[in-house]
Each structure stands twice: as structure tokens, then as C-alpha cells.
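The data block below is target-v4.cif; it holds mmCIF, C-alpha atoms and all ligand atoms.
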```cif
data_entry
#
loop_
_atom_site.label_atom_id
_atom_site.label_comp_id
_atom_site.auth_asym_id
_atom_site.auth_seq_id
_atom_site.Cartn_x
_atom_site.Cartn_y
_atom_site.Cartn_z
CA MET Y 2 -93.40 3.93 -28.16
CA SER Y 3 -91.71 7.28 -28.62
CA LEU Y 4 -89.43 7.98 -31.61
CA LYS Y 5 -85.80 8.59 -30.73
CA ILE Y 6 -84.35 11.51 -32.69
CA ALA Y 7 -80.76 12.64 -33.16
CA PHE Y 8 -79.48 15.84 -34.70
CA THR Y 9 -76.29 16.38 -36.62
CA GLY Y 10 -74.94 19.94 -36.52
CA ALA Y 11 -75.84 22.10 -33.54
CA GLY Y 12 -75.83 25.48 -35.27
CA TYR Y 13 -78.48 28.02 -36.26
CA ILE Y 14 -81.12 25.85 -37.93
CA ALA Y 15 -80.66 22.91 -35.53
CA ASN Y 16 -81.84 25.13 -32.69
CA ILE Y 17 -85.03 25.94 -34.61
CA HIS Y 18 -85.72 22.29 -35.47
CA ALA Y 19 -84.99 21.18 -31.90
CA GLN Y 20 -87.51 23.74 -30.67
CA ALA Y 21 -90.02 22.16 -33.07
CA VAL Y 22 -89.27 18.67 -31.71
CA ARG Y 23 -89.90 19.95 -28.19
CA ASN Y 24 -93.51 20.72 -29.15
CA LEU Y 25 -94.28 17.18 -30.33
CA PRO Y 26 -95.63 14.25 -28.31
CA ASP Y 27 -94.09 10.75 -28.63
CA VAL Y 28 -90.74 12.10 -29.79
CA GLU Y 29 -87.54 12.21 -27.78
CA LEU Y 30 -84.39 14.14 -28.73
CA VAL Y 31 -81.73 11.69 -27.52
CA ALA Y 32 -78.44 12.62 -29.23
CA VAL Y 33 -76.49 15.30 -31.03
CA VAL Y 34 -73.54 14.95 -33.40
CA GLU Y 35 -71.38 18.08 -33.54
CA LYS Y 36 -67.81 18.79 -34.55
CA PHE Y 37 -67.20 21.25 -31.70
CA SER Y 38 -67.76 19.99 -28.16
CA ASP Y 39 -68.64 23.42 -26.74
CA LYS Y 40 -71.48 23.69 -29.26
CA SER Y 41 -72.78 20.17 -28.62
CA GLU Y 42 -72.64 20.73 -24.85
CA ALA Y 43 -74.59 24.00 -25.11
CA PHE Y 44 -77.16 22.32 -27.38
CA ALA Y 45 -77.40 19.27 -25.08
CA GLU Y 46 -77.99 21.50 -22.08
CA LYS Y 47 -80.59 23.68 -23.80
CA PHE Y 48 -82.61 20.76 -25.18
CA VAL Y 49 -81.85 18.21 -22.44
CA VAL Y 50 -80.05 15.79 -24.75
CA LYS Y 51 -78.32 12.79 -23.15
CA CYS Y 52 -75.64 11.85 -25.70
CA CYS Y 53 -73.13 13.88 -27.72
CA TYR Y 54 -71.04 12.35 -30.51
CA PRO Y 55 -68.26 13.78 -32.68
CA SER Y 56 -69.32 11.80 -35.77
CA VAL Y 57 -72.41 10.26 -37.34
CA GLU Y 58 -70.59 6.91 -37.60
CA GLU Y 59 -70.18 6.75 -33.81
CA LEU Y 60 -73.85 7.64 -33.31
CA LEU Y 61 -74.97 4.94 -35.75
CA ASP Y 62 -72.58 2.31 -34.30
CA GLU Y 63 -74.06 2.95 -30.87
CA GLY Y 64 -77.60 2.44 -32.28
CA GLY Y 65 -80.88 3.21 -30.57
CA VAL Y 66 -81.84 6.10 -32.86
CA ASP Y 67 -84.87 6.04 -35.21
CA VAL Y 68 -84.54 9.43 -36.89
CA LEU Y 69 -81.70 11.76 -37.92
CA VAL Y 70 -82.20 15.48 -38.63
CA ILE Y 71 -79.27 16.76 -40.69
CA CYS Y 72 -78.35 20.40 -40.03
CA THR Y 73 -74.69 20.42 -41.04
CA PRO Y 74 -72.86 22.29 -43.84
CA ASN Y 75 -73.95 21.13 -47.29
CA PHE Y 76 -70.91 18.92 -48.04
CA LEU Y 77 -71.95 16.63 -45.17
CA HIS Y 78 -75.59 16.17 -46.23
CA ALA Y 79 -75.03 13.24 -48.63
CA PRO Y 80 -72.51 11.20 -46.59
CA GLN Y 81 -74.43 11.64 -43.35
CA ALA Y 82 -77.82 10.92 -44.94
CA ILE Y 83 -76.60 7.84 -46.83
CA ALA Y 84 -74.89 6.42 -43.70
CA ALA Y 85 -78.15 6.80 -41.76
CA LEU Y 86 -80.46 5.56 -44.53
CA GLU Y 87 -78.32 2.43 -45.03
CA ARG Y 88 -78.81 1.62 -41.33
CA GLY Y 89 -82.59 2.03 -41.61
CA VAL Y 90 -82.64 5.42 -39.86
CA HIS Y 91 -85.22 7.93 -41.19
CA VAL Y 92 -83.74 11.24 -42.37
CA MET Y 93 -84.80 14.85 -42.72
CA VAL Y 94 -82.02 16.78 -44.41
CA GLU Y 95 -81.75 20.55 -44.73
CA LYS Y 96 -81.83 22.32 -48.08
CA PRO Y 97 -79.99 22.28 -50.40
CA MET Y 98 -80.36 18.49 -50.38
CA ALA Y 99 -76.70 18.03 -51.39
CA MET Y 100 -73.73 19.64 -53.13
CA ASN Y 101 -75.13 18.66 -56.53
CA ALA Y 102 -77.65 16.41 -58.30
CA ALA Y 103 -75.26 13.43 -58.47
CA GLU Y 104 -75.08 13.31 -54.67
CA ALA Y 105 -78.82 13.91 -54.35
CA GLU Y 106 -79.44 10.96 -56.67
CA GLN Y 107 -77.36 8.68 -54.43
CA MET Y 108 -79.36 9.82 -51.41
CA TYR Y 109 -82.63 9.21 -53.24
CA GLU Y 110 -81.48 5.71 -54.20
CA ALA Y 111 -80.30 4.89 -50.67
CA ALA Y 112 -83.76 5.83 -49.34
CA GLU Y 113 -85.55 3.80 -52.03
CA LYS Y 114 -83.37 0.76 -51.27
CA SER Y 115 -83.76 0.91 -47.51
CA GLY Y 116 -87.46 1.81 -47.61
CA VAL Y 117 -87.12 4.41 -44.85
CA THR Y 118 -88.25 8.04 -44.97
CA LEU Y 119 -86.17 10.74 -46.65
CA MET Y 120 -87.51 14.27 -46.43
CA VAL Y 121 -85.83 17.45 -47.67
CA ALA Y 122 -86.54 20.50 -45.52
CA HIS Y 123 -87.97 22.84 -48.15
CA CYS Y 124 -89.65 24.74 -45.36
CA TRP Y 125 -91.78 27.20 -47.33
CA ARG Y 126 -94.19 24.40 -48.27
CA PHE Y 127 -95.30 24.53 -44.62
CA ASP Y 128 -95.82 28.27 -44.34
CA GLU Y 129 -99.40 29.46 -43.78
CA ASP Y 130 -99.25 32.23 -46.41
CA VAL Y 131 -97.81 29.83 -49.00
CA LEU Y 132 -100.46 27.23 -48.18
CA TRP Y 133 -103.21 29.83 -48.54
CA LEU Y 134 -101.96 30.82 -52.00
CA LYS Y 135 -101.65 27.15 -52.98
CA GLU Y 136 -105.33 26.65 -52.08
CA GLN Y 137 -106.32 29.64 -54.24
CA VAL Y 138 -104.18 28.86 -57.24
CA ASP Y 139 -106.96 27.37 -59.42
CA ARG Y 140 -108.77 30.73 -59.32
CA LEU Y 141 -105.90 32.23 -61.36
CA GLY Y 142 -106.53 30.03 -64.42
CA ARG Y 143 -103.45 28.60 -66.07
CA ILE Y 144 -100.25 29.96 -64.53
CA ILE Y 145 -98.12 31.31 -67.35
CA ARG Y 146 -95.22 32.69 -65.37
CA THR Y 147 -93.93 33.11 -61.84
CA LYS Y 148 -91.60 35.77 -60.51
CA GLY Y 149 -89.79 35.20 -57.24
CA TYR Y 150 -86.64 35.88 -55.33
CA GLY Y 151 -84.60 34.75 -52.35
CA VAL Y 152 -82.15 37.46 -51.34
CA HIS Y 153 -80.42 38.93 -48.33
CA THR Y 154 -80.12 42.71 -48.43
CA HIS Y 155 -77.05 44.40 -46.90
CA TRP Y 156 -75.80 41.12 -45.47
CA GLY Y 157 -74.84 37.60 -46.36
CA PRO Y 158 -73.60 34.50 -44.60
CA SER Y 159 -69.93 33.90 -43.87
CA GLY Y 160 -67.73 30.88 -43.08
CA TRP Y 161 -68.50 27.58 -44.82
CA PHE Y 162 -71.46 29.09 -46.75
CA THR Y 163 -68.98 31.08 -48.85
CA GLU Y 164 -66.60 28.19 -49.67
CA LYS Y 165 -67.45 26.20 -52.79
CA ASP Y 166 -65.91 22.96 -51.47
CA LEU Y 167 -68.12 23.07 -48.37
CA ALA Y 168 -71.31 24.65 -49.73
CA GLY Y 169 -71.46 23.53 -53.37
CA GLY Y 170 -72.86 26.90 -54.44
CA GLY Y 171 -73.56 30.35 -53.10
CA ALA Y 172 -76.71 32.47 -53.05
CA MET Y 173 -78.49 30.38 -55.71
CA ALA Y 174 -78.00 27.14 -53.75
CA ASP Y 175 -78.74 28.87 -50.46
CA MET Y 176 -81.48 31.44 -51.12
CA GLY Y 177 -82.55 31.05 -54.76
CA ILE Y 178 -83.54 27.46 -53.99
CA HIS Y 179 -86.24 28.72 -51.59
CA ALA Y 180 -87.82 30.79 -54.37
CA LEU Y 181 -87.36 27.92 -56.81
CA ASP Y 182 -89.03 25.35 -54.57
CA THR Y 183 -91.87 27.74 -53.67
CA ALA Y 184 -92.61 28.40 -57.36
CA ARG Y 185 -92.52 24.68 -58.14
CA PHE Y 186 -94.81 23.87 -55.21
CA LEU Y 187 -97.35 26.53 -56.23
CA LEU Y 188 -97.26 25.29 -59.83
CA GLY Y 189 -98.05 21.73 -58.66
CA ASP Y 190 -94.53 20.25 -58.98
CA PRO Y 191 -94.10 20.30 -62.78
CA GLN Y 192 -90.90 18.86 -64.24
CA PRO Y 193 -88.20 21.25 -65.49
CA VAL Y 194 -87.44 21.21 -69.21
CA SER Y 195 -84.66 23.80 -69.48
CA VAL Y 196 -82.77 26.40 -67.48
CA TYR Y 197 -81.06 29.64 -68.49
CA ALA Y 198 -79.12 31.66 -65.93
CA LYS Y 199 -76.79 34.59 -65.39
CA ILE Y 200 -74.99 34.12 -62.08
CA GLY Y 201 -71.90 35.82 -60.67
CA THR Y 202 -70.00 37.25 -57.72
CA TYR Y 203 -70.04 41.02 -57.43
CA TYR Y 204 -70.21 42.06 -53.78
CA LYS Y 205 -67.56 40.06 -51.93
CA ASP Y 206 -64.35 38.17 -52.51
CA PHE Y 207 -65.38 34.52 -52.31
CA ASP Y 208 -65.56 31.62 -54.74
CA VAL Y 209 -69.34 31.23 -54.73
CA ASP Y 210 -72.06 33.38 -56.32
CA ASP Y 211 -73.77 36.33 -54.63
CA THR Y 212 -76.06 37.43 -57.49
CA GLY Y 213 -78.18 35.55 -59.98
CA VAL Y 214 -81.12 35.47 -62.32
CA THR Y 215 -82.41 32.03 -63.32
CA ILE Y 216 -85.18 31.22 -65.77
CA VAL Y 217 -86.76 27.77 -65.62
CA THR Y 218 -89.12 26.44 -68.29
CA TRP Y 219 -91.49 23.75 -66.98
CA ASP Y 220 -93.13 20.87 -68.82
CA ASP Y 221 -96.57 22.49 -68.47
CA GLY Y 222 -95.29 25.51 -70.44
CA ALA Y 223 -95.00 27.83 -67.43
CA VAL Y 224 -91.81 29.85 -66.93
CA SER Y 225 -90.29 30.81 -63.56
CA TYR Y 226 -88.03 33.82 -63.14
CA ILE Y 227 -85.93 33.56 -59.96
CA GLU Y 228 -83.56 36.10 -58.43
CA SER Y 229 -80.96 34.96 -55.91
CA GLY Y 230 -78.57 37.07 -53.89
CA TRP Y 231 -76.59 37.97 -50.80
CA TRP Y 232 -75.48 41.51 -49.96
CA GLN Y 233 -78.06 42.96 -52.36
CA PRO Y 234 -78.67 46.73 -52.19
CA HIS Y 235 -82.44 46.23 -52.53
CA SER Y 236 -85.21 43.67 -52.45
CA ASP Y 237 -88.83 44.04 -53.51
CA GLY Y 238 -90.04 42.95 -50.06
CA PRO Y 239 -88.96 40.51 -47.35
CA GLU Y 240 -86.10 38.08 -48.05
CA ALA Y 241 -88.15 35.68 -50.17
CA ALA Y 242 -91.41 36.08 -52.08
CA THR Y 243 -93.18 34.77 -55.17
CA GLN Y 244 -95.77 36.08 -57.62
CA LEU Y 245 -98.01 34.07 -59.93
CA TYR Y 246 -99.30 35.42 -63.24
CA GLY Y 247 -102.28 33.41 -64.46
CA THR Y 248 -104.62 33.67 -67.44
CA GLN Y 249 -107.42 34.72 -65.08
CA GLY Y 250 -105.62 36.63 -62.38
CA PHE Y 251 -102.61 37.38 -60.26
CA GLY Y 252 -101.53 35.96 -56.89
CA GLN Y 253 -98.66 36.87 -54.62
CA LEU Y 254 -96.93 36.20 -51.31
CA PHE Y 255 -95.91 38.90 -48.82
CA PRO Y 256 -98.23 40.74 -49.00
CA THR Y 257 -100.36 37.66 -49.64
CA ARG Y 258 -103.33 38.30 -51.86
CA LEU Y 259 -105.02 37.79 -55.21
CA GLU Y 260 -106.03 40.25 -57.90
CA LEU Y 261 -108.94 38.97 -59.97
CA PRO Y 262 -110.61 40.88 -62.81
CA ASN Y 263 -114.09 42.18 -62.08
CA VAL Y 264 -115.43 42.17 -65.63
CA LYS Y 265 -118.59 44.13 -64.77
CA GLU Y 266 -116.77 47.07 -63.25
CA GLU Y 267 -113.61 46.73 -65.36
CA ILE Y 268 -111.42 46.78 -62.27
CA MET Y 269 -109.30 44.24 -60.38
CA ASP Y 270 -110.83 42.93 -57.17
CA VAL Y 271 -108.19 42.50 -54.48
CA ILE Y 272 -108.69 39.50 -52.22
CA ASP Y 273 -106.44 39.87 -49.22
CA ALA Y 274 -105.47 36.67 -47.37
CA GLY Y 275 -105.69 38.56 -44.08
CA PHE Y 276 -102.25 37.63 -42.74
CA ASP Y 277 -100.01 40.16 -40.99
CA PHE Y 278 -97.73 42.04 -43.36
CA PRO Y 279 -94.95 42.77 -42.74
CA ARG Y 280 -94.48 39.81 -40.46
CA ALA Y 281 -92.78 40.05 -37.10
CA GLU Y 282 -90.42 37.33 -38.32
CA HIS Y 283 -90.14 36.43 -41.99
CA CYS Y 284 -89.21 32.79 -41.20
CA PRO Y 285 -91.53 32.03 -38.27
CA GLN Y 286 -91.02 29.16 -35.84
CA SER Y 287 -94.57 28.02 -36.71
CA MET Y 288 -93.42 27.10 -40.25
CA TYR Y 289 -90.63 24.88 -38.89
CA ASN Y 290 -93.01 23.37 -36.31
CA ALA Y 291 -95.45 22.39 -39.07
CA GLN Y 292 -92.59 20.95 -41.14
CA MET Y 293 -91.29 18.83 -38.25
CA ALA Y 294 -94.79 17.64 -37.34
CA TYR Y 295 -95.35 16.53 -40.95
CA PHE Y 296 -91.98 14.73 -41.09
CA ILE Y 297 -92.69 12.83 -37.87
CA GLU Y 298 -96.18 11.94 -39.12
CA CYS Y 299 -94.63 10.54 -42.32
CA VAL Y 300 -92.22 8.42 -40.25
CA GLN Y 301 -94.92 7.21 -37.86
CA PHE Y 302 -97.41 6.30 -40.60
CA SER Y 303 -94.88 5.22 -43.27
CA LYS Y 304 -96.01 7.97 -45.67
CA LYS Y 305 -93.74 9.18 -48.45
CA PRO Y 306 -93.06 12.85 -47.69
CA ILE Y 307 -93.46 15.66 -50.18
CA PRO Y 308 -90.95 17.32 -50.31
CA GLY Y 309 -88.97 14.09 -50.29
CA GLY Y 310 -85.89 12.91 -52.12
CA ALA Y 311 -87.62 13.27 -55.50
CA GLU Y 312 -88.44 16.97 -54.98
CA GLY Y 313 -85.01 17.72 -53.49
CA LEU Y 314 -83.35 16.02 -56.47
CA VAL Y 315 -85.33 18.05 -59.03
CA ASN Y 316 -84.25 21.25 -57.27
CA MET Y 317 -80.61 20.14 -57.32
CA LYS Y 318 -80.85 19.35 -61.06
CA ILE Y 319 -82.12 22.90 -61.65
CA VAL Y 320 -79.39 24.44 -59.47
CA ASP Y 321 -76.72 22.42 -61.33
CA ALA Y 322 -78.22 23.47 -64.67
CA ALA Y 323 -78.31 27.12 -63.59
CA TYR Y 324 -74.60 27.06 -62.75
CA GLU Y 325 -73.82 25.28 -66.01
CA SER Y 326 -75.85 27.80 -68.00
CA ALA Y 327 -74.10 30.70 -66.27
CA ARG Y 328 -70.74 29.11 -67.07
CA THR Y 329 -71.47 28.30 -70.72
CA GLY Y 330 -73.81 31.16 -71.59
CA LYS Y 331 -76.25 28.59 -73.04
CA GLU Y 332 -79.67 27.32 -72.09
CA VAL Y 333 -79.34 23.88 -70.47
CA GLU Y 334 -81.86 21.12 -71.12
CA ILE Y 335 -82.85 18.86 -68.25
CA LYS Y 336 -83.50 15.27 -69.18
N1 LIG I 1 -84.51 26.18 -44.14
C1 LIG I 1 -83.98 27.23 -43.60
O1 LIG I 1 -84.66 28.19 -43.29
C2 LIG I 1 -82.50 27.24 -43.31
C3 LIG I 1 -81.96 28.30 -42.58
C4 LIG I 1 -80.60 28.24 -42.29
C5 LIG I 1 -79.82 27.18 -42.73
N2 LIG I 1 -80.39 26.18 -43.45
C6 LIG I 1 -79.56 25.05 -43.91
O2 LIG I 1 -79.17 24.29 -42.76
C7 LIG I 1 -77.85 23.81 -42.90
C8 LIG I 1 -77.01 24.33 -41.72
O3 LIG I 1 -77.02 25.75 -41.74
P1 LIG I 1 -76.81 26.60 -40.38
O4 LIG I 1 -77.16 28.01 -40.73
O5 LIG I 1 -77.47 25.95 -39.26
O6 LIG I 1 -75.22 26.49 -40.27
P2 LIG I 1 -74.34 26.62 -38.95
O7 LIG I 1 -72.97 26.88 -39.42
O8 LIG I 1 -74.99 27.56 -37.99
O9 LIG I 1 -74.44 25.15 -38.31
C9 LIG I 1 -73.77 24.03 -38.85
C10 LIG I 1 -73.24 23.22 -37.67
O10 LIG I 1 -72.63 22.03 -38.17
C11 LIG I 1 -71.47 21.79 -37.40
N3 LIG I 1 -70.56 20.87 -38.09
C12 LIG I 1 -69.59 21.16 -38.99
N4 LIG I 1 -68.97 20.03 -39.37
C13 LIG I 1 -69.55 19.01 -38.70
C14 LIG I 1 -69.36 17.61 -38.67
N5 LIG I 1 -68.40 17.01 -39.42
N6 LIG I 1 -70.16 16.86 -37.88
C15 LIG I 1 -71.11 17.44 -37.13
N7 LIG I 1 -71.34 18.79 -37.10
C16 LIG I 1 -70.57 19.55 -37.89
C17 LIG I 1 -70.88 23.17 -37.19
O11 LIG I 1 -69.94 23.20 -36.13
C18 LIG I 1 -72.14 23.96 -36.88
O12 LIG I 1 -72.44 23.95 -35.51
C19 LIG I 1 -77.37 24.28 -44.25
O13 LIG I 1 -77.54 23.26 -45.19
C20 LIG I 1 -78.27 25.46 -44.59
O14 LIG I 1 -78.46 25.65 -45.97
C21 LIG I 1 -81.70 26.19 -43.73
#
```
Using the file provided, produce a representation of the structure as C-alpha cells.
Amino acid sequence: MSLKIAFTGAGYIANIHAQAVRNLPDVELVAVVEKFSDKSEAFAEKFVVKCCYPSVEELLDEGGVDVLVICTPNFLHAPQAIAALERGVHVMVEKPMAMNAAEAEQMYEAAEKSGVTLMVAHCWRFDEDVLWLKEQVDRLGRIIRTKGYGVHTHWGPSGWFTEKDLAGGGAMADMGIHALDTARFLLGDPQPVSVYAKIGTYYKDFDVDDTGVTIVTWDDGAVSYIESGWWQPHSDGPEAATQLYGTQGFGQLFPTRLELPNVKEEIMDVIDAGFDFPRAEHCPQSMYNAQMAYFIECVQFSKKPIPGGAEGLVNMKIVDAAYESARTGKEVEIK
């Protein structure tokens, strides 16, 4: 029997996820929840969706949906996810998982209690370059530090993204979290021990951050340095990338390659992954297709997804700690 999927939010990322659903067998996109009827109608027409609802409650009261994909502004992630999870509906929620760790914890608990699937859409874990580097990581020895960034150069989002009450945070919660989750994934999901950050707003007049540097110390001793930003005058490459510094070599994304010492010739051998660089699109549809396929597989075979609620929650704890550190000027321990 095919899985019946609903979307909430019919904006930018919903269109990408709906395209991914289209490619899958045994899955039917049956409903969309959207605040604005013109947007839900356009979405329903494009993806041949039968039912449009103005609220998640009305969708859930009507029933007949197995899966909810949450693509709304961040302040709606927790209430919409918890409402669905409590009714036994499987959820994939966009990053950041929630406004803060307290909300993320409630989502995690709701999923544990109901026993249904909760996945957090940390999409870079499904990217082919990232997966290549993950496969190679043991060749680098022990990873001592990572250096990464998630920034937009010469532009930034507008609307709800720039309002603290609707977004929770700015560039760190929006873009830095991509670099953070990528570093954590490549390191093998260590636990954070402490966070130190300098975060501020320098380019525009809004109440969330547009510039940040965050340093995370992990329980395996590795340290991650993460830059976050919107409206930046420069970036070292495409909008997000990560480098790994190991005891036996160096690995990086975009361009994706390794540098390993050749002791005999006293040079570094470069091992190129062989992917296109620069890419035609930095965030390719193929990454979102792989993510959706994995989520649906987890639902169909009752597998706990990684990244699930646990991974999303760790990221939210680090984001919270980064903002606290920036506010207090002190390193923040994570229990
Ligand atoms: N992983 C990625 O690559 C990626 C990229 C972009 C956005 N995102 C995330 O996806 C989420 C959505 O971002 P977006 O860029 O698609 O934003 P968007 O503004 O384009 O879309 C959000 C949609 O939600 C709708 N909405 C607002 N209130 C609603 C309500 N009460 N009920 C139903 N719908 C409502 C809006 O009308 C809008 O259509 C955010 O959490 C963002 O961080 C992730």
C-alpha cells in the first residue's frame, strides 16, 4: 500500500522536497497545509495534490495521512511536529529542528513516546561529495580539527528568517548549522563538550545575527571552527564547505579531495574525488532526492533515521550554547 504524504508550508524548500517525492514509488502526495491559499493552490496544481488545509490541526482531524514533511518557518516546527507525532504520523522536519533545544527535546520525546519516525532534514549527510569524504575519513588518522562555514555572500534571506520570534536565530541557526552538522557527521557524531562563540549583526538592521564564529570542542578531543553569515563580502568557496585536519592527512569538500603525505618523496599526494567543481548547483536536487528516499525507507522499514531527533537536538544545544556564549563572552559547557 502506498504511503500518503502531506506537506506543511508550500514555499521554497517544499517545492524541492515535493519534487523528490515525485521520484519515489509507493508514495502519494495527498495534502498540503499552507497559510496562504494562493500558494497552496499553486503547489497543489504543480504537484497534483488533492487537499489543501489552512492548519495542521484540520489536516490531522481529517486523518488519512501517514507522513508529514514540515517546511514552515522555524517557530512552527515544534508545534506542528508534536501534533503529528502524537497522532502517530511520521515526521521529517526541516533544519533547524526547532527554535531552541527545549523545543527540540519535546519533539524528541513525542517521537520516542509515539514510536513513529522523526527525521531532521540535515541534507548535507546525503550529498555525494560529503559521503565520499566520510568514506575516506579513516585515511586521515585522528581528526584534530575541522574548519567549515555556511555563508551567503552579497545576499541574505528576508521576511520571517530575519525575525527572532519567528526564526529563533539568524545566520548561525540558518547557515552555520549546515557546517556544524557536516563537521559532526564527518567526525562520526561525537558529543559536544563546550562551545565558544562571537556572533553579531553587522550588515543589516534586524534582530538576528548575520555574522558568527563558533568553536565547538567534542568529547573525542577534536575542535570544530565554524563560520556563519549572511551578506558576507567574501567566502572561501561555495556557500558551505568543510575541511578536516587529521594526524595523517587533510581532507576537504568543494573542491573534494584528500592530501596525504608521501613520505618517500616528501610531498603531499593529492587524491581528487573526481566530482565536478564548481558545481552547476551547490545544493543539487539529487541530495534532496537521496534524503527523501532515505526518510521513506526509514518509515517503511521502521528504521530509526540518522539524522533523527537525537542529532537535531544536539545541533540545537550547540546553537543555543553559541548564542549564550556570544551574549556572555564565556565558554559554555554542554551537559
Ligand atoms: N535544507 C535546506 O537546504 C533548506 C533550504 C531552505 C530552507 N530550509 C528550511 O526550510 C524551512 C522553510 O524555509 P523556506 O525557505 O522554504 O521558507 P519559505 O518562506 O519559502 O516557505 C515557508 C512557507 O510556510 C508558509 N507558512 C507560514 N505560516 C504557516 C502556517 N501557519 N501554516 C502553514 N504554512 C505556513 C509560508 O506561507 C511559506 O509558503 C525553514 O526551516 C528553513 O530553515 C532548508
Record the distance separating atom CA of Ile144 of chain Y and atom CA of Ala291 of chain Y, expressed in Å with one decimal.
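For atom CA of Ile144 of chain Y relative to atom CA of Ala291 of chain Y, the distance reads 27.0 Å.
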Return as a PyMOL selection string the residues of protein, DNA or RNA that approach ligand LIG 1 (chain I) to within 6 Å, with only C-alpha atoms and all ligand atoms taken into account.
chain Y and resi 9-15+34-37+56+72-75+95-97+124+175
Hey, what's within 10 Å of Ala168 of chain Y if we count all atoms listed in the file and toss same-chain stuff fewer than 2 positions away? As a list of chain:residue names, please?
Y:Pro74, Y:Asn75, Y:Phe76, Y:Leu77, Y:Pro97, Y:Ala99, Y:Met100, Y:Asn101, Y:Gly160, Y:Trp161, Y:Phe162, Y:Thr163, Y:Glu164, Y:Lys165, Y:Asp166, Y:Gly170, Y:Gly171, Y:Ala174, Y:Asp175, Y:Val209
Could you produce a table of the residues of segment 151-210 of chain Y lying within 6 Å of segment 238-256 of chain Y, with the nearest pair of atoms per residue and their separation in Å rounded to one decimal, using all atoms listed in the file, ordered by chain and increasing residue number, as a tab-separated table?
```
residue	atom	partner	partner_atom	distance
Y:Gly151	CA	Y:Ala241	CA	4.3
Y:Val152	CA	Y:Glu240	CA	5.2
Y:His153	CA	Y:Glu240	CA	5.8
```
Can you list, as a ChimeraX atom specification, every protein, DNA or RNA residue that comes within 12 Å of Gln301 of chain Y when you count all atoms listed in the file, leaving out same-chain residues fewer than 3 positions away?
/Y:2-5,26-28,67-68,91,117-118,294-298,304-306
Excluding Phe44 of chain Y and residues on its chain fewer than 6 positions from it, collect all residues at most 8 Å away from it, counting all atoms listed in the file, and give them as a PyMOL selection string.
chain Y and resi 11+16+33+50
Residue among Y:Val320, Y:Ile227, Y:Ala281, Y:Ala274 lying closest to Lys148 of chain Y, counting all atoms listed in the file
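Looking at the shortest contact to Lys148 of chain Y, the residue is Y:Ile227.
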Report as a list in words all protein, DNA and RNA residues lying within 12 Å of Ile200 of chain Y, evaluated on all atoms listed in the file, omitting residues in the same chain fewer than 6 positions from it.
Gly170, Gly171, Ala172, Met173, Ala174, Gly177, Val209, Asp210, Asp211, Thr212, Gly213, Val214, Thr215, Ile216, Ile227, Glu228, Ser229, Gly230, Val320, Asp321, Ala322, Ala323, Tyr324, Glu325, Ser326, Ala327, Arg328, Thr329 and Gly330 of chain Y
Distance of atom CA of Gln20 of chain Y from atom CA of Gln292 of chain Y, expressed in Å to one decimal place
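According to the coordinates, atom CA of Gln292 of chain Y and atom CA of Gln20 of chain Y are separated by 12.0 Å.
Using all atoms listed in the file, the smallest distance between any of Y:Asp237, Y:Thr218, Y:Glu59, Y:Arg23 and Val333 of chain Y comes from Y:Thr218.
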Quick one: residues within 9 Å of Ala82 of chain Y, only C-alpha atoms, excluding same-chain residues fewer than 3 positions away - as a list of chain:residue names?
Y:Leu69, Y:Val70, Y:Ile71, Y:Leu77, Y:His78, Y:Ala79, Y:Ala85, Y:Leu86, Y:Glu87, Y:Val90, Y:His91, Y:Val92, Y:Met93, Y:Val94, Y:Met108, Y:Ala111, Y:Ala112, Y:Leu119
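The spacing separating atom CA of Leu259 of chain Y from atom CA of Arg140 of chain Y amounts to 9.0 Å.
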Enclosing box along x, y and z for every listed atom of segment 222-232 of chain Y, padded 4 Å each side, centre and size in Å, one decimal, as AutoDock Vina command-line options:
```
--center_x -85.4 --center_y 33.5 --center_z -60.2 --size_x 27.8 --size_y 24.0 --size_z 28.5
```
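Restricting the calculation to only C-alpha atoms, the smallest distance between Gln107 of chain Y and any of Y:Ile17, Y:Ile83, Y:Ala43, Y:Ile145 is found for Y:Ile83.
If you measure from each of Y:Arg258, Y:His155, Y:Arg146, Y:Arg88 to Val224 of chain Y using all atoms listed in the file, the closest one turns out to be Y:Arg146.
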Counting all atoms listed in the file, the residue of Y:Arg126, Y:His18, Y:Lys114, Y:Lys265 that sits nearest Leu188 of chain Y:
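Result for the nearest residue to Leu188 of chain Y: Y:Arg126.
Comparing Y:Gly157, Y:Pro308, Y:Gly169, Y:Pro279 by their smallest distance to Gly189 of chain Y, the closest is Y:Pro308 (using all atoms listed in the file).
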